[in-house]
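> Pasting coords_20.cif here (mmCIF, C-alpha atoms):
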```cif
data_structure
#
loop_
_atom_site.label_atom_id
_atom_site.label_comp_id
_atom_site.auth_asym_id
_atom_site.auth_seq_id
_atom_site.Cartn_x
_atom_site.Cartn_y
_atom_site.Cartn_z
CA MET R 1 19.31 -31.28 19.69
CA PRO R 2 18.65 -32.75 16.22
CA ARG R 3 21.11 -35.58 16.93
CA TYR R 4 19.32 -36.32 20.23
CA LEU R 5 15.90 -36.36 18.54
CA VAL R 6 17.11 -38.75 15.84
CA ALA R 7 18.61 -41.05 18.51
CA ALA R 8 15.67 -40.87 20.93
CA TYR R 9 13.00 -41.04 18.22
CA PRO R 10 14.52 -43.13 15.42
CA ASN R 11 11.46 -42.90 13.19
CA SER R 12 11.20 -39.13 13.48
CA ARG R 13 11.95 -36.77 10.63
CA ASN R 14 13.70 -33.55 11.55
CA VAL R 15 14.36 -30.32 9.68
CA VAL R 16 17.00 -27.91 10.95
CA VAL R 17 17.13 -24.40 9.53
CA GLU R 18 20.49 -22.63 9.41
CA ILE R 19 21.03 -19.27 7.75
CA ASP R 20 24.76 -19.87 7.18
CA GLY R 21 25.30 -22.50 4.47
CA LYS R 22 28.99 -23.01 5.28
CA LEU R 23 28.22 -23.53 8.95
CA ALA R 24 25.49 -26.05 8.04
CA ASN R 25 28.03 -28.08 6.02
CA TYR R 26 30.64 -27.90 8.78
CA VAL R 27 28.16 -28.99 11.46
CA ARG R 28 26.98 -31.97 9.42
CA ASP R 29 30.61 -33.08 8.95
CA TRP R 30 31.88 -32.29 12.46
CA PHE R 31 29.04 -34.06 14.23
CA ASP R 32 28.48 -36.82 11.66
CA LEU R 33 24.76 -36.01 11.50
CA PRO R 34 22.51 -38.50 9.73
CA ARG R 35 21.22 -37.55 6.30
CA ALA R 36 17.69 -37.13 4.97
CA PRO R 37 15.02 -38.28 5.50
CA LEU R 38 15.92 -38.46 9.21
CA LEU R 39 17.63 -35.09 9.43
CA LYS R 40 17.50 -32.42 6.77
CA ILE R 41 19.48 -29.23 7.15
CA ARG R 42 17.80 -26.49 5.20
CA VAL R 43 19.77 -23.34 4.51
CA GLY R 44 17.62 -20.24 4.79
CA GLU R 45 16.13 -17.59 7.03
CA ALA R 46 14.00 -19.19 9.77
CA ARG R 47 10.87 -17.09 9.26
CA GLU R 48 10.82 -17.64 5.49
CA VAL R 49 11.38 -21.37 5.89
CA THR R 50 8.65 -21.64 8.53
CA GLN R 51 6.20 -19.83 6.24
CA SER R 52 7.02 -22.29 3.46
CA LEU R 53 6.20 -25.41 5.51
CA THR R 54 2.94 -27.28 5.04
CA GLU R 55 0.20 -26.47 7.54
CA ALA R 56 -0.37 -29.05 10.31
CA SER R 57 2.76 -30.97 9.32
CA ARG R 58 4.97 -30.80 12.46
CA ASP R 59 4.64 -32.21 15.98
CA LEU R 60 7.28 -29.91 17.45
CA ILE R 61 8.97 -26.65 16.49
CA ILE R 62 12.01 -25.53 18.46
CA ARG R 63 13.14 -21.93 17.97
CA ASP R 64 16.73 -21.61 19.11
CA VAL R 65 17.95 -18.70 17.00
CA PHE R 66 20.39 -16.04 18.10
CA ALA R 67 22.20 -13.15 16.43
CA GLY R 68 24.76 -12.43 19.10
CA SER R 69 22.96 -12.68 22.42
CA LYS R 70 19.48 -11.89 21.09
CA THR R 71 16.88 -13.60 18.95
CA PRO R 72 16.06 -11.50 15.87
CA HIS R 73 12.85 -9.56 16.54
CA ALA R 74 11.14 -11.01 13.46
CA LEU R 75 11.21 -14.44 15.13
CA THR R 76 9.66 -13.26 18.42
CA THR R 77 6.46 -11.62 17.21
CA ALA R 78 2.84 -12.65 17.39
CA GLU R 79 2.79 -12.93 13.61
CA PHE R 80 5.73 -15.38 13.55
CA THR R 81 4.26 -17.31 16.48
CA GLN R 82 1.01 -17.70 14.51
CA GLU R 83 3.01 -18.93 11.49
CA ALA R 84 4.67 -21.56 13.70
CA LYS R 85 1.30 -22.53 15.17
CA LYS R 86 -0.16 -23.06 11.67
CA VAL R 87 2.61 -25.54 10.90
CA LEU R 88 1.96 -27.55 14.07
CA ILE R 89 -0.48 -30.45 14.19
CA PRO R 90 -3.34 -30.07 16.71
CA GLY R 91 -1.69 -30.47 20.11
CA GLY R 92 1.77 -29.80 18.67
CA VAL R 93 4.30 -27.95 20.80
CA TYR R 94 6.17 -24.72 20.08
CA VAL R 95 9.33 -24.30 22.19
CA VAL R 96 11.56 -21.23 22.27
CA ASN R 97 14.94 -20.62 23.85
CA CYS R 98 14.72 -17.06 25.16
CA GLY R 99 17.99 -15.42 26.18
CA ASP R 100 17.60 -12.53 28.58
CA SER R 101 19.18 -10.31 31.17
CA SER R 102 18.27 -10.47 34.85
CA ALA R 103 15.54 -7.86 34.21
CA LEU R 104 13.61 -10.56 32.27
CA VAL R 105 12.05 -8.01 29.87
CA ASN R 106 12.42 -10.26 26.79
CA ALA R 107 11.18 -13.33 28.63
CA ARG R 108 8.05 -11.51 29.85
CA ARG R 109 7.31 -10.28 26.32
CA GLU R 110 7.86 -13.70 24.80
CA ALA R 111 5.70 -15.32 27.51
CA ALA R 112 2.91 -12.83 26.76
CA THR R 113 3.24 -13.42 23.02
CA ILE R 114 3.18 -17.22 23.29
CA ALA R 115 0.32 -17.11 25.83
CA ASP R 116 -1.65 -14.96 23.38
CA ALA R 117 -1.33 -17.65 20.68
CA PHE R 118 -1.70 -20.90 22.63
CA LYS R 119 -4.17 -22.29 25.18
CA PHE R 120 -1.40 -23.72 27.37
CA THR R 121 2.09 -22.50 28.23
CA ALA R 122 4.99 -23.59 30.38
CA ILE R 123 8.40 -22.23 31.34
CA ILE R 124 11.50 -24.19 32.29
CA ALA R 125 14.60 -22.49 33.70
CA ASP R 126 16.95 -22.66 36.62
CA PRO R 127 15.65 -20.90 39.76
CA PRO R 128 18.22 -18.03 39.85
CA MET R 129 17.24 -17.08 36.29
CA LEU R 130 13.53 -17.08 37.12
CA LYS R 131 14.19 -14.93 40.20
CA GLY R 132 16.01 -12.33 38.10
CA ARG R 133 19.37 -12.95 39.76
CA ARG R 134 21.36 -13.49 36.57
CA SER R 135 21.36 -13.42 32.79
CA GLY R 136 20.74 -16.62 30.91
CA ASN R 137 18.13 -18.66 29.09
CA ILE R 138 14.51 -19.47 29.73
CA ILE R 139 12.65 -22.13 27.78
CA ILE R 140 9.06 -21.15 26.98
CA ALA R 141 6.59 -23.61 25.44
CA GLY R 142 3.14 -23.20 24.00
CA SER R 143 0.54 -25.72 22.87
CA ASP R 144 -3.19 -26.13 22.53
CA ALA R 145 -2.81 -29.33 24.59
CA PRO R 146 -1.84 -29.34 28.29
CA LEU R 147 1.90 -29.19 29.00
CA GLY R 148 3.89 -30.78 31.83
CA ASP R 149 1.00 -32.49 33.56
CA GLY R 150 1.85 -34.94 36.32
CA ALA R 151 4.86 -35.23 38.62
CA GLY R 152 7.26 -36.87 36.15
CA LEU R 153 8.64 -33.78 34.40
CA PRO R 154 9.18 -31.66 37.54
CA ARG R 155 10.91 -34.59 39.25
CA MET R 156 13.17 -35.12 36.24
CA LEU R 157 14.03 -31.40 36.05
CA LEU R 158 14.96 -31.23 39.74
CA GLY R 159 17.09 -34.37 39.47
CA GLY R 160 19.37 -33.13 36.70
CA ALA R 161 22.92 -31.85 36.94
CA MET R 162 21.54 -28.30 36.80
CA PRO R 163 18.20 -28.29 38.62
CA ALA R 164 15.41 -26.43 36.85
CA GLN R 165 11.93 -25.28 37.74
CA LEU R 166 8.74 -25.81 35.75
CA TRP R 167 6.14 -23.05 35.73
CA ASP R 168 2.61 -24.04 34.73
CA ASP R 169 0.27 -22.06 32.50
CA ALA R 170 -1.14 -19.88 35.30
CA LYS R 171 2.32 -18.87 36.49
CA VAL R 172 3.51 -18.14 32.93
CA ARG R 173 0.49 -15.96 32.22
CA GLN R 174 1.01 -14.10 35.51
CA PHE R 175 4.70 -13.62 34.64
CA GLY R 176 3.88 -12.13 31.22
CA GLN R 177 0.71 -10.20 32.11
CA SER R 178 2.43 -6.81 32.39
CA ALA R 179 4.26 -7.17 29.07
CA LEU R 180 3.13 -6.18 25.60
CA VAL R 181 2.61 -8.89 23.00
CA LEU R 182 5.40 -8.46 20.45
CA SER R 183 4.36 -7.54 16.90
CA ASP R 184 5.81 -6.98 13.46
CA ALA R 185 4.62 -3.34 13.66
CA GLN R 186 7.10 -2.76 16.51
CA MET R 187 9.90 -3.60 14.07
CA GLN R 188 8.91 -0.52 12.06
CA GLU R 189 9.20 1.81 15.08
#
```
So that I can check it, write out the structure of this file as structure tokens.

Amino acid sequence: MPRYLVAAYPNSRNVVVEIDGKLANYVRDWFDLPRAPLLKIRVGEAREVTQSLTEASRDLIIRDVFAGSKTPHALTTAEFTQEAKKVLIPGGVYVVNCGDSSALVNARREAATIADAFKFTAIIADPPMLKGRRSGNIIIAGSDAPLGDGAGLPRMLLGGAMPAQLWDDAKVRQFGQSALVLSDAQMQE
């Protein structure tokens, strides 16, 4: 993803956070990633690094963090989501890659948590995943500016090698309405 962003948006500045310093070095070498200021790889824990970033300094935050098949709870809570929101510029976009089973429990909780923090939400995933027919990944986005307006994005998603569906804000909120917003306090339980 960072390589794509640097290629697609040559004037963009990107920060990647990786907890494993050795892996960060290997990835930079293996994939010949450009160096700062275009692409910085910062070694550290994602929540701590996010909290250290300057408020209103990022257009986009992508959370794609897994420990095994799950995202660490500390990166899924309302408190972390608010930290990410503080770092975004007005109208910035927060995007998460949510891995889940066919029961979609995690996805519903993350949708509820993101919907609690942002005015607008969207979900992108392949139809069998959204219907609870298999395990996989769901992309959930939040912003205080409208997301996915117009016909361009849905048309592009349906035309790809793996067709995907776009759910608008109303559908995301309906999807997450029965789930509890995730919190740091739940980590203590």
> As an exercise, work out the distance from CA of Asp20 (chain R) to CA of Pro72 (chain R) in Å and give it to one decimal place.
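Computing it gives 14.9 Å between the two atoms.
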> Can you give me, as a PyMOL selection string, the residues this file yields under the PyMOL selection byres ((chain R and resi 61-65) around 9)?
chain R and resi 18+46+58-60+66-67+70-72+75+84-85+87-88+92-98
> Write out as a PDB file with C-alpha atoms, keeping the file's coordinate frame which residues come within 7 Å of Phe120 (chain R) when counting only C-alpha atoms, dropping same-chain ones fewer than 6 positions away.

```pdb
ATOM      1  CA  GLY R 142       3.140 -23.200  24.000  1.00  0.00           C
ATOM      2  CA  SER R 143       0.540 -25.720  22.870  1.00  0.00           C
ATOM      3  CA  ASP R 144      -3.190 -26.130  22.530  1.00  0.00           C
ATOM      4  CA  ALA R 145      -2.810 -29.330  24.590  1.00  0.00           C
ATOM      5  CA  PRO R 146      -1.840 -29.340  28.290  1.00  0.00           C
ATOM      6  CA  LEU R 147       1.900 -29.190  29.000  1.00  0.00           C
ATOM      7  CA  ASP R 169       0.270 -22.060  32.500  1.00  0.00           C
TER       8      ASP R 169
END
```
> Evaluating the PyMOL selection byres ((chain R and resi 2-15) around 12) on the displayed file yields which residues, as an MDAnalysis selection string?
chainID R and resid 1 16:18 27:28 31:44 46 49:50 53 57:64
> What separation in Å, quoted to one decimal, exists between CA of Met156 (chain R) and CA of Pro90 (chain R)?
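Going from CA of Met156 (chain R) over to CA of Pro90 (chain R) covers 26.1 Å.
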> Counting all atoms listed in the file, find the residues whose atoms lie at most 8 Å from (21.7, -9.4, 25.5) (file coordinates) and write them out as a JSON list (two decimals) with C-alpha atoms, in the coordinates of the input.

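Writing done, so here's part.json:
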```json
[["chain", "number", "residue", "atom", "x", "y", "z"],
["R", 68, "GLY", "CA", 24.76, -12.43, 19.10],
["R", 69, "SER", "CA", 22.96, -12.68, 22.42],
["R", 70, "LYS", "CA", 19.48, -11.89, 21.09],
["R", 99, "GLY", "CA", 17.99, -15.42, 26.18],
["R", 100, "ASP", "CA", 17.60, -12.53, 28.58],
["R", 101, "SER", "CA", 19.18, -10.31, 31.17]]
```
> With distances taken over all atoms listed in the file, which residue among R:Ala56, R:Ala112, R:Ala141, R:Ala24 lies nearest Gly176 (chain R)?
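The closest residue to Gly176 (chain R) is R:Ala112.
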> Smallest atom-to-atom distance to Ala117 (chain R): which of R:Val105, R:Glu83, R:Asp184, R:Asp149, using all atoms listed in the file?
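Nearest candidate to Ala117 (chain R) out of R:Val105, R:Glu83, R:Asp184, R:Asp149: R:Glu83.
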> Run the PyMOL selection byres ((chain R and resi 136) around 12) mentally over the shown coordinates, then write out the matched residues as a PDB file with C-alpha atoms, in the coordinates of the input, using the chain letters and numbers from the document.

```
ATOM      1  CA  SER R  69      22.960 -12.680  22.420  1.00  0.00           C
ATOM      2  CA  LYS R  70      19.480 -11.890  21.090  1.00  0.00           C
ATOM      3  CA  ASN R  97      14.940 -20.620  23.850  1.00  0.00           C
ATOM      4  CA  CYS R  98      14.720 -17.060  25.160  1.00  0.00           C
ATOM      5  CA  GLY R  99      17.990 -15.420  26.180  1.00  0.00           C
ATOM      6  CA  ASP R 100      17.600 -12.530  28.580  1.00  0.00           C
ATOM      7  CA  SER R 101      19.180 -10.310  31.170  1.00  0.00           C
ATOM      8  CA  SER R 102      18.270 -10.470  34.850  1.00  0.00           C
ATOM      9  CA  ALA R 103      15.540  -7.860  34.210  1.00  0.00           C
ATOM     10  CA  LEU R 104      13.610 -10.560  32.270  1.00  0.00           C
ATOM     11  CA  ASN R 106      12.420 -10.260  26.790  1.00  0.00           C
ATOM     12  CA  ALA R 107      11.180 -13.330  28.630  1.00  0.00           C
ATOM     13  CA  ALA R 125      14.600 -22.490  33.700  1.00  0.00           C
ATOM     14  CA  ASP R 126      16.950 -22.660  36.620  1.00  0.00           C
ATOM     15  CA  PRO R 127      15.650 -20.900  39.760  1.00  0.00           C
ATOM     16  CA  PRO R 128      18.220 -18.030  39.850  1.00  0.00           C
ATOM     17  CA  MET R 129      17.240 -17.080  36.290  1.00  0.00           C
ATOM     18  CA  LEU R 130      13.530 -17.080  37.120  1.00  0.00           C
ATOM     19  CA  LYS R 131      14.190 -14.930  40.200  1.00  0.00           C
ATOM     20  CA  GLY R 132      16.010 -12.330  38.100  1.00  0.00           C
ATOM     21  CA  ARG R 133      19.370 -12.950  39.760  1.00  0.00           C
ATOM     22  CA  ARG R 134      21.360 -13.490  36.570  1.00  0.00           C
ATOM     23  CA  SER R 135      21.360 -13.420  32.790  1.00  0.00           C
ATOM     24  CA  ASN R 137      18.130 -18.660  29.090  1.00  0.00           C
ATOM     25  CA  ILE R 138      14.510 -19.470  29.730  1.00  0.00           C
ATOM     26  CA  ILE R 139      12.650 -22.130  27.780  1.00  0.00           C
TER      27      ILE R 139
END
```
